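Novice: Contents of protein_8.txt (compact mmCIF, C-alpha atoms and all ligand atoms) are below:
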```txt
# COMPACT_ATOMS: atom_id res chain seq x y z
CA MET A 47 -5.00 -38.91 -49.61
CA THR A 48 -8.64 -38.93 -48.46
CA GLU A 49 -9.61 -35.72 -46.69
CA ILE A 50 -10.80 -36.32 -43.16
CA THR A 51 -12.77 -33.87 -41.07
CA ILE A 52 -13.50 -34.31 -37.39
CA HIS A 53 -16.38 -32.90 -35.43
CA ARG A 54 -18.15 -33.56 -32.19
CA PHE A 55 -21.00 -36.10 -32.19
CA ARG A 56 -24.33 -34.52 -33.09
CA ALA A 57 -27.76 -35.76 -32.08
CA GLY A 58 -29.20 -38.08 -34.73
CA GLU A 59 -25.86 -39.58 -35.82
CA GLY A 60 -26.17 -42.59 -33.52
CA ASP A 61 -27.51 -45.05 -36.10
CA LEU A 62 -24.71 -44.30 -38.56
CA LEU A 63 -22.12 -44.78 -35.82
CA GLY A 64 -23.86 -47.99 -34.73
CA GLN A 65 -23.40 -49.41 -38.23
CA LEU A 66 -19.77 -48.33 -38.21
CA PHE A 67 -19.27 -49.97 -34.79
CA HIS A 68 -20.80 -53.23 -36.05
CA ARG A 69 -18.62 -53.32 -39.19
CA SER A 70 -15.54 -52.40 -37.23
CA VAL A 71 -16.11 -55.32 -34.85
CA HIS A 72 -17.07 -57.89 -37.51
CA GLU A 73 -14.56 -56.98 -40.23
CA GLY A 74 -11.94 -54.88 -38.44
CA ALA A 75 -11.45 -57.15 -35.44
CA ALA A 76 -11.67 -60.44 -37.37
CA GLY A 77 -7.95 -61.13 -36.95
CA ALA A 78 -8.14 -61.04 -33.16
CA TYR A 79 -11.59 -62.41 -32.22
CA ASP A 80 -13.38 -65.37 -33.80
CA ALA A 81 -16.86 -65.20 -35.35
CA ALA A 82 -18.68 -66.28 -32.17
CA GLN A 83 -16.80 -63.69 -30.12
CA ARG A 84 -17.54 -60.94 -32.63
CA ALA A 85 -21.21 -61.90 -32.69
CA ALA A 86 -21.31 -61.71 -28.89
CA TRP A 87 -19.50 -58.34 -28.93
CA SER A 88 -21.91 -56.86 -31.48
CA PRO A 89 -24.95 -59.06 -32.15
CA GLU A 90 -26.44 -56.26 -34.27
CA PRO A 91 -25.66 -52.61 -34.96
CA PRO A 92 -26.47 -50.65 -31.80
CA SER A 93 -29.14 -48.01 -32.36
CA GLY A 94 -31.97 -46.20 -30.63
CA PRO A 95 -32.18 -43.81 -27.71
CA VAL A 96 -29.95 -45.69 -25.24
CA TRP A 97 -27.07 -45.87 -27.73
CA GLU A 98 -27.65 -42.26 -28.79
CA ALA A 99 -27.58 -41.18 -25.12
CA ARG A 100 -24.35 -43.10 -24.51
CA LEU A 101 -22.67 -41.29 -27.41
CA ALA A 102 -24.03 -37.93 -26.25
CA GLY A 103 -22.97 -38.63 -22.66
CA GLY A 104 -19.28 -37.98 -23.20
CA LEU A 105 -16.93 -36.13 -25.48
CA THR A 106 -17.45 -38.16 -28.67
CA LEU A 107 -15.43 -37.15 -31.71
CA VAL A 108 -16.35 -38.46 -35.15
CA ALA A 109 -14.07 -38.58 -38.21
CA TRP A 110 -15.73 -38.17 -41.61
CA THR A 111 -14.84 -38.50 -45.26
CA GLY A 112 -17.60 -36.51 -46.92
CA ARG A 113 -20.90 -37.80 -45.53
CA ASP A 114 -19.49 -41.10 -44.28
CA PRO A 115 -18.32 -41.52 -40.71
CA VAL A 116 -15.03 -43.43 -40.73
CA GLY A 117 -14.18 -43.51 -37.04
CA PHE A 118 -15.22 -42.35 -33.61
CA MET A 119 -13.78 -42.21 -30.14
CA MET A 120 -15.34 -41.18 -26.86
CA LEU A 121 -13.86 -39.81 -23.64
CA ILE A 122 -15.86 -39.55 -20.44
CA PRO A 123 -14.45 -36.26 -19.12
CA GLU A 124 -15.64 -36.82 -15.55
CA THR A 125 -13.58 -39.99 -15.14
CA GLY A 126 -10.94 -39.86 -17.86
CA HIS A 127 -12.21 -43.19 -19.23
CA LEU A 128 -11.98 -43.76 -22.99
CA ASP A 129 -15.13 -45.70 -23.67
CA LEU A 130 -15.27 -46.28 -27.44
CA ALA A 131 -12.67 -46.41 -30.22
CA PHE A 132 -13.76 -47.71 -33.62
CA VAL A 133 -12.51 -47.14 -37.15
CA ALA A 134 -14.09 -48.37 -40.39
CA PRO A 135 -12.28 -51.52 -41.60
CA GLU A 136 -11.31 -49.99 -44.95
CA MET A 137 -9.77 -46.99 -43.17
CA GLN A 138 -7.76 -48.80 -40.53
CA GLY A 139 -4.03 -48.19 -40.40
CA GLN A 140 -4.34 -44.70 -41.92
CA GLY A 141 -4.05 -42.62 -38.79
CA VAL A 142 -7.77 -42.02 -38.14
CA ALA A 143 -7.69 -43.26 -34.53
CA ALA A 144 -4.45 -41.33 -33.93
CA MET A 145 -6.13 -38.11 -35.07
CA LEU A 146 -9.16 -38.67 -32.85
CA TYR A 147 -7.05 -39.69 -29.89
CA GLY A 148 -4.70 -36.71 -30.24
CA LEU A 149 -7.63 -34.32 -29.94
CA LEU A 150 -9.13 -36.19 -26.98
CA GLU A 151 -5.83 -36.31 -25.11
CA ARG A 152 -5.35 -32.59 -25.68
CA SER A 153 -8.85 -31.94 -24.38
CA ALA A 154 -8.21 -34.15 -21.33
CA ARG A 155 -5.04 -32.18 -20.53
CA ARG A 156 -6.89 -28.87 -20.90
CA ARG A 157 -9.49 -30.16 -18.44
CA GLY A 158 -6.73 -30.99 -15.96
CA LEU A 159 -7.28 -34.76 -16.00
CA ALA A 160 -4.37 -36.57 -14.36
CA ARG A 161 -4.95 -40.00 -15.88
CA LEU A 162 -6.71 -41.72 -18.75
CA THR A 163 -7.96 -45.30 -18.61
CA THR A 164 -9.59 -47.76 -21.02
CA ASP A 165 -10.51 -51.40 -21.47
CA ALA A 166 -8.70 -52.21 -24.68
CA SER A 167 -9.41 -54.90 -27.24
CA GLU A 168 -6.47 -56.83 -28.67
CA LEU A 169 -6.25 -54.28 -31.52
CA ALA A 170 -6.75 -51.23 -29.35
CA ARG A 171 -3.99 -52.49 -27.05
CA GLY A 172 -1.44 -52.20 -29.88
CA PHE A 173 -2.77 -48.77 -30.74
CA PHE A 174 -2.67 -47.42 -27.18
CA LEU A 175 0.79 -48.86 -26.46
CA LYS A 176 1.94 -46.79 -29.43
CA GLN A 177 0.36 -43.73 -27.76
CA GLY A 178 2.45 -44.23 -24.62
CA TRP A 179 -0.11 -46.14 -22.55
CA GLN A 180 0.69 -48.95 -20.10
CA ASP A 181 -1.21 -52.22 -20.17
CA GLY A 182 -2.33 -54.48 -17.38
CA PRO A 183 -2.80 -58.26 -17.49
CA ARG A 184 -5.11 -59.78 -20.09
CA ARG A 185 -8.59 -60.06 -18.62
CA ARG A 186 -11.37 -62.50 -19.45
CA ILE A 187 -14.81 -60.98 -19.93
CA GLU A 188 -18.10 -62.52 -20.93
CA ARG A 189 -20.70 -61.24 -23.40
CA HIS A 190 -23.90 -63.21 -24.00
CA GLY A 191 -22.26 -66.29 -22.50
CA ILE A 192 -19.18 -66.13 -24.78
CA ALA A 193 -15.68 -65.52 -23.41
CA LEU A 194 -13.69 -62.62 -24.84
CA HIS A 195 -10.65 -60.79 -23.53
CA ASN A 196 -9.39 -57.26 -23.12
CA TYR A 197 -6.68 -55.37 -21.27
CA PRO A 198 -7.01 -52.68 -18.62
CA MET A 199 -4.83 -49.78 -19.79
CA ALA A 200 -3.89 -46.37 -18.45
CA LYS A 201 -1.81 -43.33 -19.24
CA SER A 202 -0.67 -40.70 -16.77
CA LEU A 203 -1.00 -37.17 -18.07
CA LYS A 204 1.12 -35.69 -15.29
CA PRO A 205 4.62 -34.52 -16.20
CA ALA A 206 7.30 -37.07 -15.19
CA LEU A 207 8.78 -34.68 -12.59
CA GLU A 208 5.43 -34.28 -10.85
CA ARG A 209 4.93 -38.07 -10.85
CA ALA A 210 8.32 -38.61 -9.19
CA ALA A 211 7.68 -36.01 -6.44
C1 LIG B 301 -7.94 -50.10 -32.74
C2 LIG B 301 -8.33 -49.17 -33.87
C3 LIG B 301 -9.38 -48.16 -33.39
C4 LIG B 301 -7.07 -48.40 -34.37
O1 LIG B 301 -7.48 -47.48 -35.39
P1 LIG B 301 -6.56 -47.09 -36.64
O2 LIG B 301 -7.17 -45.87 -37.27
O3 LIG B 301 -6.37 -48.27 -37.51
O4 LIG B 301 -5.18 -46.71 -35.94
P2 LIG B 301 -4.10 -45.68 -36.55
O5 LIG B 301 -3.97 -45.91 -38.02
O6 LIG B 301 -4.45 -44.29 -36.13
O7 LIG B 301 -2.77 -46.13 -35.81
C5 LIG B 301 -1.87 -45.21 -35.21
C6 LIG B 301 -0.58 -45.95 -34.89
O8 LIG B 301 -0.86 -47.06 -34.05
C7 LIG B 301 -0.42 -48.27 -34.66
N1 LIG B 301 -1.43 -49.31 -34.43
C8 LIG B 301 -2.76 -49.26 -34.66
N2 LIG B 301 -3.33 -50.44 -34.33
C9 LIG B 301 -2.31 -51.24 -33.91
C10 LIG B 301 -2.25 -52.58 -33.46
N3 LIG B 301 -3.36 -53.34 -33.35
N4 LIG B 301 -1.05 -53.09 -33.10
C11 LIG B 301 0.08 -52.35 -33.18
N5 LIG B 301 0.09 -51.04 -33.61
C12 LIG B 301 -1.10 -50.52 -33.97
C13 LIG B 301 -0.37 -47.95 -36.14
O9 LIG B 301 0.55 -48.80 -36.80
C14 LIG B 301 0.10 -46.52 -36.15
O10 LIG B 301 1.49 -46.49 -35.96
P3 LIG B 301 2.42 -45.36 -36.68
O11 LIG B 301 2.11 -44.09 -35.91
O12 LIG B 301 3.80 -45.84 -36.47
O13 LIG B 301 1.99 -45.30 -38.10
C15 LIG B 301 -8.88 -49.98 -35.10
O14 LIG B 301 -7.96 -51.00 -35.42
C16 LIG B 301 -10.24 -50.63 -34.88
O15 LIG B 301 -11.28 -49.98 -35.05
N6 LIG B 301 -10.25 -51.95 -34.56
C17 LIG B 301 -11.45 -52.77 -34.52
C18 LIG B 301 -12.37 -52.43 -33.38
C19 LIG B 301 -11.67 -52.39 -32.04
O16 LIG B 301 -11.02 -53.33 -31.62
N7 LIG B 301 -11.86 -51.24 -31.36
C20 LIG B 301 -11.33 -51.02 -30.03
C21 LIG B 301 -12.34 -51.36 -28.99
S1 LIG B 301 -11.67 -51.24 -27.35
```
Would you mind writing the file out in structure tokens?
Specialist:
Amino acid sequence: MTEITIHRFRAGEGDLLGQLFHRSVHEGAAGAYDAAQRAAWSPEPPSGPVWEARLAGGLTLVAWTGRDPVGFMMLIPETGHLDLAFVAPEMQGQGVAAMLYGLLERSARRRGLARLTTDASELARGFFLKQGWQDGPRRRIERHGIALHNYPMAKSLKPALERAA
């Protein structure tokens, strides 16, 4: 099995992750969103200082095989919002997102966060349901004039007893 290492996003890695994001949308999400929707979601690989700052603005974990990034996920610790979750198409279904998510959830618990939220794509919805999240109703969003959809999702990190009290 391919050896995967995970480390925190480092300055200067933005362009590589932008290319991964673009491939993940166009190849990885092809079963759930049509070509026009994928083009609206990622017209071109994100890059440059704004993208780099977005990645640096939260707890972004990157999975690597050797020198190639194969997935990344970002938690905004101040709000508990999971902002980005993308895995390279050829590595999907091999537990990469589960590894990244496991570390982020552990970090969120250590920080005392009570709840995690995200806006999940069709594919991420299946993934997060598997991680014990709850989904809300399918929501229509618009990107560059094209309609797409996602699902508001959340997971309580409080123990069940505390939630019932
Ligand atoms: C969503 C995504 C990040 C999941 O990454 P992944 O590395 O393939 O997921 P994993 O292999 O870690 O999956 C972990 C578990 O979730 C399940 N799972 C993953 N995606 C699923 C889906 N769409 N539907 C149902 N179950 C799913 C896996 O079967 C696996 O189950 P197991 O524990 O029984 O083996 C990946 O499919 C992706 O990058 N998609 C394209 C881009 C995208 O939509 N990103 C989300 C933006 S909000």
Novice: Could you tell me, counting all atoms listed in the file, which protein and nucleic acid residues lie no more than 9 Å from ligand LIG 301 (chain B), written as a VMD selection string?
Specialist: chain A and resid 67 to 76 78 116 to 119 128 to 135 137 to 147 164 to 177 196 to 197
Novice: Leaving out stretch 104-115 of chain A and any residue of its chain fewer than 3 positions from it, which residues lie within 8 Å of it when counting all atoms listed in the file, given as a CSV table (one decimal) with C-alpha atoms, in the frame of the given file?
Specialist:
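Result saved to around.csv:
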```
chain,number,residue,atom,x,y,z
A,48,THR,CA,-8.6,-38.9,-48.5
A,49,GLU,CA,-9.6,-35.7,-46.7
A,50,ILE,CA,-10.8,-36.3,-43.2
A,51,THR,CA,-12.8,-33.9,-41.1
A,52,ILE,CA,-13.5,-34.3,-37.4
A,53,HIS,CA,-16.4,-32.9,-35.4
A,54,ARG,CA,-18.2,-33.6,-32.2
A,55,PHE,CA,-21.0,-36.1,-32.2
A,62,LEU,CA,-24.7,-44.3,-38.6
A,63,LEU,CA,-22.1,-44.8,-35.8
A,66,LEU,CA,-19.8,-48.3,-38.2
A,100,ARG,CA,-24.4,-43.1,-24.5
A,101,LEU,CA,-22.7,-41.3,-27.4
A,118,PHE,CA,-15.2,-42.4,-33.6
A,119,MET,CA,-13.8,-42.2,-30.1
A,120,MET,CA,-15.3,-41.2,-26.9
A,121,LEU,CA,-13.9,-39.8,-23.6
A,122,ILE,CA,-15.9,-39.6,-20.4
A,123,PRO,CA,-14.4,-36.3,-19.1
A,142,VAL,CA,-7.8,-42.0,-38.1
A,146,LEU,CA,-9.2,-38.7,-32.8
A,150,LEU,CA,-9.1,-36.2,-27.0
```
Novice: Grab the atom CA of A:Leu194 to atom CA of A:Tyr79 distance for me, in Å with one decimal place.
Specialist: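 Going from atom CA of A:Leu194 over to atom CA of A:Tyr79 covers 7.7 Å.
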Novice: For each of A:Ala57, A:Ala99, A:Ala200, A:Leu159, take the minimum atom-to-atom distance to A:Gly178, counting all atoms listed in the file, then give the residue where this is smallest.
Specialist: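 Smallest distance to A:Gly178 is found for A:Ala200.
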Novice: For the atom pair atom CA of A:Trp97 and atom CA of A:Gly60, what is the interatomic distance in Å to one decimal place?
Specialist: 6.7 Å
Novice: When distances are computed from all atoms listed in the file, which of A:Gln65, A:Glu136, A:Arg161, A:Trp87 shows the smallest separation from A:Pro205?
Specialist: A:Arg161
Novice: I'd like to know which of A:Leu149, A:Gly126, A:Gly182, A:His195 is closest to A:Leu162, using only C-alpha atoms.
Specialist: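 Between A:Leu149, A:Gly126, A:Gly182, A:His195, the residue approaching A:Leu162 most closely is A:Gly126.
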Novice: Quick one: distance from atom CA of A:Ala81 to atom CA of A:Ile187 in Å, one decimal?
Specialist: 16.1 Å
Novice: Which is closer to A:Pro89 than all the others in A:Met199, A:Ile192, A:Ala154, A:Ala160, using all atoms listed in the file?
Specialist: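 Counting all atoms listed in the file, the residue closest to A:Pro89 is A:Ile192.
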Novice: Using all atoms listed in the file, which residue out of A:Val96, A:Pro198, A:Leu203, A:Trp179 lies closest to A:Arg152?
Specialist: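 Smallest distance to A:Arg152 is found for A:Leu203.
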Novice: When distances are computed from only C-alpha atoms, which of A:Asp181, A:Asp61, A:Glu151, A:Glu188 shows the smallest separation from A:Pro92?
Specialist: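 Distance minimum relative to A:Pro92 lands on A:Asp61.
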